[in-house]
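**Student:** After the structure tokens below, expect a handful of questions from me.
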Amino acid sequence: MSDLSISRQFWPSQVVMEVRDASKTYLSGANAVHALTDMTLALRAGELTGIVGPSGSGKTTFLMIAGLLEPPSTGSVHFRDQPIAHAHTHLNSLRDFRRTHVGFIFQKANLIPFLTAIENVQIALEINDIRPKAARARARELLAQFGLDHREDNYPSQLSGGEQQRVSIARALANDPVLLLADEPTAALDGGRGRQVMEVFRTLADERRVAVCVVTHDPRWSDIFDRIVEMSDGRMVSTRPGGALKARLEL
Ligand SMILES: Nc1ncnc2c1ncn2[C@@H]1O[C@H](COP(=O)(O)OP(=O)(O)OP(=O)(O)O)[C@@H](O)[C@H]1O
């Protein structure tokens with residue numbers, strides 16, 4: 001796997017993760033649910049992709065497959081053009097790889113309830129063998145970036161929904177992922193905070209060349225995406241430029 005961890009500087013604007021011809025079928029009792037059908041989508045360094053579509057159209061399923069949390073039933077997933085997962089891959093074996101390269105943000109913050117805000121971020125670093133002192137310093141820096149410096153010693157139950165979500169974003173960014181996947185990350189935030197989060201994603205794509213993919217129902221963010229992928233019934237039905245790409249092309 002050593003060639004999978006080549007420094008990002010050698011991969012400007014390259015495809016980071018690509019889902020190819022992937023389908024996913026869940027068995028629900030006697031029924032088969034076709035959550036995803038023949039989906040191919042590449043997520044590139046520096047690109048901010050929005051995924052939209054009605055409830056049940058397969059958006060989360062796509063994220064889970066692209067993030068190596070679920071195997072596809074058929075098709076494959078490629079990291080920097082090398083196959084990394086298919087139907088029979090044991091995803092547990094990719095746990096370290098995920099921790100190092102992929103950041104996840106879910107609709108619910110999913111913080112560890114008995115750890116403080118700073119400890120929730122710190123633990124993500126320590127799991128990756130960062131020493132406690134350095135991990136704490138980095139966690140502090142990340143929390144400050146999200147306006148949470150005064151909250152670092154609070155437990156999740158003492159934080160508002162928006163604050164919890166910002167801690168979870170800080171945690172997702174702790175290991176400097178090359179791929180960031182977010183499922184409805186602004187659903188629990190008010191408009192201003194939501195925009196702040198989307199602008200952080202934009203900055204990560206522009207300045208850190210992170211490949212960012214965001215599932216959202218919120219039409220307000222279409223100006224911030226490079227590309228908007230629309231899904232329906234488990235299929236990708238259209239791809240169109242988002243406002244950020246249009247603005248660049250008009251320059
Ligand atoms: N673990 C599972 N077991 C059975 N069916 C599932 C499972 N996960 C998802 N599904 C089904 O697969 C289909 C796609 O679900 P998915 O969560 O990907 O859609 P979505 O577009 O993200 O929806 P939402 O916007 O409501 O979050 C749905 O019909 C859903 O019920």
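How things are named: the first chain in the structure tokens is A, the next is B, and so on; residues count from 1 in each chain; ligands count from 1 in the order shown.
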Residues of range 67-187 of chain A classed as strand (DSSP E) by DSSP on the backbone are to be reported as a list in words.
**Tutor:**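 Here is the list: Thr74, Gly75, Ser76, Val77, His78, Phe79, Gln82, Pro83, Ile84, Ala85, His86, Val102, Gly103, Phe104, Ile105, Leu179, Leu180, Leu181, Ala182 and Asp183 of chain A.
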**Student:** Could the residues in this selection be written to a file with N, CA and C atoms, as a short mmCIF file (atom, residue, chain, number, x, y, z; two decimals), in the first residue's frame?
**Tutor:**
data_model
loop_
_atom_site.label_atom_id
_atom_site.label_comp_id
_atom_site.auth_asym_id
_atom_site.auth_seq_id
_atom_site.Cartn_x
_atom_site.Cartn_y
_atom_site.Cartn_z
N THR A 74 -21.68 -4.61 -6.58
CA THR A 74 -20.90 -4.84 -7.80
C THR A 74 -20.19 -3.54 -8.13
N GLY A 75 -19.17 -3.62 -8.97
CA GLY A 75 -18.39 -2.43 -9.30
C GLY A 75 -17.20 -2.31 -8.35
N SER A 76 -16.53 -1.16 -8.41
CA SER A 76 -15.30 -1.03 -7.63
C SER A 76 -15.05 0.41 -7.21
N VAL A 77 -14.11 0.56 -6.29
CA VAL A 77 -13.70 1.89 -5.83
C VAL A 77 -12.19 1.98 -6.02
N HIS A 78 -11.75 3.12 -6.55
CA HIS A 78 -10.33 3.29 -6.86
C HIS A 78 -9.80 4.52 -6.13
N PHE A 79 -8.64 4.35 -5.51
CA PHE A 79 -7.98 5.48 -4.87
C PHE A 79 -6.76 5.82 -5.72
N GLN A 82 -5.95 3.37 -8.31
CA GLN A 82 -5.65 1.97 -7.98
C GLN A 82 -6.87 1.36 -7.30
N PRO A 83 -7.23 0.15 -7.69
CA PRO A 83 -8.41 -0.46 -7.06
C PRO A 83 -8.18 -0.64 -5.56
N ILE A 84 -9.19 -0.25 -4.80
CA ILE A 84 -9.02 -0.37 -3.35
C ILE A 84 -10.16 -1.17 -2.71
N ALA A 85 -11.34 -1.17 -3.36
CA ALA A 85 -12.46 -1.92 -2.77
C ALA A 85 -13.38 -2.46 -3.86
N HIS A 86 -13.91 -3.63 -3.59
CA HIS A 86 -14.95 -4.21 -4.44
C HIS A 86 -15.86 -5.02 -3.52
N VAL A 102 -9.35 9.85 4.88
CA VAL A 102 -10.74 10.23 4.65
C VAL A 102 -11.33 10.86 5.91
N GLY A 103 -12.00 11.99 5.74
CA GLY A 103 -12.73 12.61 6.85
C GLY A 103 -14.23 12.49 6.59
N PHE A 104 -14.98 12.17 7.63
CA PHE A 104 -16.44 12.04 7.49
C PHE A 104 -17.14 13.04 8.40
N ILE A 105 -18.19 13.64 7.87
CA ILE A 105 -19.04 14.49 8.71
C ILE A 105 -20.48 14.03 8.46
N LEU A 179 -9.62 13.42 1.29
CA LEU A 179 -11.01 13.29 0.85
C LEU A 179 -11.91 13.58 2.04
N LEU A 180 -12.84 14.49 1.83
CA LEU A 180 -13.77 14.84 2.91
C LEU A 180 -15.19 14.59 2.42
N LEU A 181 -15.93 13.77 3.15
CA LEU A 181 -17.29 13.40 2.76
C LEU A 181 -18.24 13.88 3.84
N ALA A 182 -19.25 14.63 3.44
CA ALA A 182 -20.14 15.21 4.44
C ALA A 182 -21.59 14.94 4.05
N ASP A 183 -22.34 14.40 5.00
CA ASP A 183 -23.74 14.05 4.74
C ASP A 183 -24.64 15.05 5.48
#
**Student:** Just want the 12 Å neighbourhood of Pro72 in chain A, counted on only C-alpha atoms, with same-chain residues fewer than 2 positions away dropped. Output as a PyMOL selection string.
**Tutor:** chain A and resi 19-26+34-40+61-70+74-78+84-91
**Student:** How would the residues just chosen look if you wrote them out with N, CA and C atoms as a short mmCIF file (atom, residue, chain, number, x, y, z; two decimals), in the first residue's frame?
**Tutor:**
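Output file part10.cif follows:
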data_model
loop_
_atom_site.label_atom_id
_atom_site.label_comp_id
_atom_site.auth_asym_id
_atom_site.auth_seq_id
_atom_site.Cartn_x
_atom_site.Cartn_y
_atom_site.Cartn_z
N VAL A 19 -15.60 6.05 -7.76
CA VAL A 19 -16.52 4.91 -7.66
C VAL A 19 -16.88 4.54 -9.09
N ARG A 20 -16.66 3.29 -9.46
CA ARG A 20 -16.87 2.89 -10.86
C ARG A 20 -17.94 1.82 -10.98
N ASP A 21 -18.94 2.13 -11.80
CA ASP A 21 -20.00 1.15 -12.13
C ASP A 21 -20.54 0.47 -10.89
N ALA A 22 -20.71 1.24 -9.82
CA ALA A 22 -21.08 0.60 -8.55
C ALA A 22 -22.59 0.48 -8.39
N SER A 23 -22.99 -0.66 -7.92
CA SER A 23 -24.39 -0.85 -7.52
C SER A 23 -24.39 -1.37 -6.09
N LYS A 24 -25.46 -1.06 -5.38
CA LYS A 24 -25.58 -1.57 -4.01
C LYS A 24 -27.00 -2.05 -3.78
N THR A 25 -27.10 -3.29 -3.37
CA THR A 25 -28.40 -3.86 -3.07
C THR A 25 -28.40 -4.27 -1.60
N TYR A 26 -29.39 -3.81 -0.86
CA TYR A 26 -29.54 -4.24 0.53
C TYR A 26 -30.66 -5.26 0.58
N HIS A 34 -32.66 -1.78 -4.11
CA HIS A 34 -31.56 -1.32 -4.98
C HIS A 34 -31.24 0.13 -4.63
N ALA A 35 -30.31 0.28 -3.71
CA ALA A 35 -30.00 1.64 -3.21
C ALA A 35 -29.18 2.43 -4.20
N LEU A 36 -28.35 1.75 -4.98
CA LEU A 36 -27.49 2.43 -5.95
C LEU A 36 -27.38 1.55 -7.19
N THR A 37 -27.46 2.18 -8.37
CA THR A 37 -27.41 1.40 -9.61
C THR A 37 -26.40 2.03 -10.58
N ASP A 38 -25.41 1.26 -10.95
CA ASP A 38 -24.44 1.66 -12.00
C ASP A 38 -23.93 3.08 -11.85
N MET A 39 -23.43 3.39 -10.70
CA MET A 39 -22.98 4.77 -10.47
C MET A 39 -21.47 4.87 -10.68
N THR A 40 -21.08 5.84 -11.49
CA THR A 40 -19.66 6.14 -11.68
C THR A 40 -19.45 7.61 -11.39
N THR A 61 -25.75 6.29 0.45
CA THR A 61 -25.14 5.03 0.01
C THR A 61 -23.89 5.31 -0.82
N PHE A 62 -23.99 6.30 -1.71
CA PHE A 62 -22.81 6.65 -2.50
C PHE A 62 -21.66 7.10 -1.59
N LEU A 63 -21.96 7.96 -0.61
CA LEU A 63 -20.91 8.45 0.29
C LEU A 63 -20.25 7.30 1.05
N MET A 64 -21.08 6.37 1.51
CA MET A 64 -20.56 5.23 2.29
C MET A 64 -19.61 4.38 1.44
N ILE A 65 -19.96 4.24 0.16
CA ILE A 65 -19.12 3.43 -0.72
C ILE A 65 -17.84 4.21 -1.06
N ALA A 66 -17.98 5.50 -1.40
CA ALA A 66 -16.80 6.31 -1.73
C ALA A 66 -15.86 6.43 -0.54
N GLY A 67 -16.43 6.41 0.67
CA GLY A 67 -15.62 6.54 1.88
C GLY A 67 -15.17 5.21 2.46
N LEU A 68 -15.42 4.15 1.74
CA LEU A 68 -14.96 2.80 2.14
C LEU A 68 -15.57 2.34 3.46
N LEU A 69 -16.79 2.80 3.71
CA LEU A 69 -17.51 2.32 4.89
C LEU A 69 -18.46 1.19 4.54
N GLU A 70 -18.80 1.08 3.26
CA GLU A 70 -19.65 -0.02 2.76
C GLU A 70 -19.01 -0.51 1.46
N THR A 74 -21.68 -4.61 -6.58
CA THR A 74 -20.90 -4.84 -7.80
C THR A 74 -20.19 -3.54 -8.13
N GLY A 75 -19.17 -3.62 -8.97
CA GLY A 75 -18.39 -2.43 -9.30
C GLY A 75 -17.20 -2.31 -8.35
N SER A 76 -16.53 -1.16 -8.41
CA SER A 76 -15.30 -1.03 -7.63
C SER A 76 -15.05 0.41 -7.21
N VAL A 77 -14.11 0.56 -6.29
CA VAL A 77 -13.70 1.89 -5.83
C VAL A 77 -12.19 1.98 -6.02
N HIS A 78 -11.75 3.12 -6.55
CA HIS A 78 -10.33 3.29 -6.86
C HIS A 78 -9.80 4.52 -6.13
N ILE A 84 -9.19 -0.25 -4.80
CA ILE A 84 -9.02 -0.37 -3.35
C ILE A 84 -10.16 -1.17 -2.71
N ALA A 85 -11.34 -1.17 -3.36
CA ALA A 85 -12.46 -1.92 -2.77
C ALA A 85 -13.38 -2.46 -3.86
N HIS A 86 -13.91 -3.63 -3.59
CA HIS A 86 -14.95 -4.21 -4.44
C HIS A 86 -15.86 -5.02 -3.52
N ALA A 87 -16.73 -5.80 -4.12
CA ALA A 87 -17.77 -6.46 -3.32
C ALA A 87 -17.21 -7.32 -2.18
N HIS A 88 -16.04 -7.92 -2.39
CA HIS A 88 -15.55 -8.87 -1.39
C HIS A 88 -14.46 -8.31 -0.49
N THR A 89 -14.26 -7.00 -0.56
CA THR A 89 -13.20 -6.41 0.27
C THR A 89 -13.66 -6.36 1.72
N HIS A 90 -12.76 -6.78 2.62
CA HIS A 90 -13.06 -6.64 4.05
C HIS A 90 -12.69 -5.24 4.48
N LEU A 91 -13.69 -4.42 4.68
CA LEU A 91 -13.40 -3.01 4.89
C LEU A 91 -12.67 -2.74 6.21
#
**Student:** Return the single residue from A:Gly50, A:Gly29, A:Pro113, A:Gly234 that is closest to Glu184 in chain A, with distances computed using only C-alpha atoms.
**Tutor:**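 The shortest atom-to-atom distance to Glu184 in chain A comes from A:Gly50.
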**Student:** Which residue gives the smallest distance to ligand 1 among A:Ala247, A:Val197, A:Ala137, A:Met231, with only C-alpha atoms and all ligand atoms counted?
**Tutor:** A:Met231
**Student:** So, counting only C-alpha atoms and all ligand atoms, which residue among A:Arg166, A:His217, A:Arg44, A:Arg248 is closest to ligand 1?
**Tutor:**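 Using only C-alpha atoms and all ligand atoms, ligand 1 sits closest to A:His217.
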**Student:** Which residues sit within 6 Å of ligand 1, counting only C-alpha atoms and all ligand atoms, listed as a list in words?
**Tutor:**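 Sorted by chain and then by number, the residues are Tyr26, Ser28, Val33, Ala35, Pro54, Ser55, Gly56, Ser57, Gly58, Lys59, Thr60 and Thr61 of chain A.
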**Student:** With only C-alpha atoms as the counted atoms, please give the residues lying no more than 10 Å from Val121 in chain A, apart from itself and same-chain residues fewer than 2 positions off, as number ranges by chain.
**Tutor:** A: 111-112, 115-119, 123-126, 135-136, 138-140, 142-143, 152, 167-175
**Student:** Using the selection just defined, write its residues with C-alpha atoms as a PDB file, in the first residue's frame.
**Tutor:**
ATOM      1  CA  LEU A 111     -19.401  12.858  19.508  1.00  0.00           C
ATOM      2  CA  ILE A 112     -18.186  10.608  22.300  1.00  0.00           C
ATOM      3  CA  LEU A 115     -15.082  13.157  26.351  1.00  0.00           C
ATOM      4  CA  THR A 116     -14.830  16.948  26.261  1.00  0.00           C
ATOM      5  CA  ALA A 117     -14.841  18.873  22.976  1.00  0.00           C
ATOM      6  CA  ILE A 118     -11.055  19.025  22.828  1.00  0.00           C
ATOM      7  CA  GLU A 119     -10.696  15.360  23.787  1.00  0.00           C
ATOM      8  CA  ILE A 123      -8.542  11.240  20.194  1.00  0.00           C
ATOM      9  CA  ALA A 124      -8.797  11.237  16.393  1.00  0.00           C
ATOM     10  CA  LEU A 125      -5.158  12.325  16.292  1.00  0.00           C
ATOM     11  CA  GLU A 126      -3.910  10.002  19.017  1.00  0.00           C
ATOM     12  CA  ALA A 135      -2.525  16.198  19.475  1.00  0.00           C
ATOM     13  CA  ARG A 136      -3.883  18.568  22.107  1.00  0.00           C
ATOM     14  CA  ARG A 138      -3.597  20.678  17.076  1.00  0.00           C
ATOM     15  CA  ALA A 139      -7.073  19.999  18.525  1.00  0.00           C
ATOM     16  CA  ARG A 140      -6.980  23.389  20.239  1.00  0.00           C
ATOM     17  CA  LEU A 142      -8.853  23.370  15.093  1.00  0.00           C
ATOM     18  CA  LEU A 143     -11.456  24.248  17.709  1.00  0.00           C
ATOM     19  CA  GLU A 152     -12.992  23.082  24.620  1.00  0.00           C
ATOM     20  CA  VAL A 167     -16.553  19.908  16.922  1.00  0.00           C
ATOM     21  CA  SER A 168     -17.321  16.978  14.619  1.00  0.00           C
ATOM     22  CA  ILE A 169     -16.016  18.971  11.638  1.00  0.00           C
ATOM     23  CA  ALA A 170     -12.836  19.822  13.547  1.00  0.00           C
ATOM     24  CA  ARG A 171     -12.481  16.107  14.321  1.00  0.00           C
ATOM     25  CA  ALA A 172     -12.961  15.154  10.657  1.00  0.00           C
ATOM     26  CA  LEU A 173     -10.217  17.583   9.643  1.00  0.00           C
ATOM     27  CA  ALA A 174      -7.802  16.584  12.396  1.00  0.00           C
ATOM     28  CA  ASN A 175      -5.757  14.187  10.276  1.00  0.00           C
TER      29      ASN A 175
END
**Student:** Compare A:Gly161, A:Pro156, A:Gly192, A:Gly46 by their minimum atom-to-atom distance to Phe225 in chain A, counting only C-alpha atoms, and give me the closest one.
**Tutor:**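 Looking at the shortest contact to Phe225 in chain A, the residue is A:Gly46.
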**Student:** Record the distance separating CA of Cys213 in chain A and CA of Asn128 in chain A, expressed in Å with one decimal.
**Tutor:** 23.3 Å
**Student:** Take CA of Met198 in chain A and CA of Lys108 in chain A and report the distance between them in Å, one decimal.
**Tutor:**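 CA of Lys108 in chain A lies 16.3 Å from CA of Met198 in chain A.
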**Student:** When distances are computed from only C-alpha atoms, which of A:Thr216, A:Ser232, A:Ser222, A:Ser73 shows the smallest separation from Ile51 in chain A?
**Tutor:** A:Thr216
**Student:** What is the CA of Val52 in chain A to CA of Met236 in chain A distance in Å?
**Tutor:** 9.7 Å
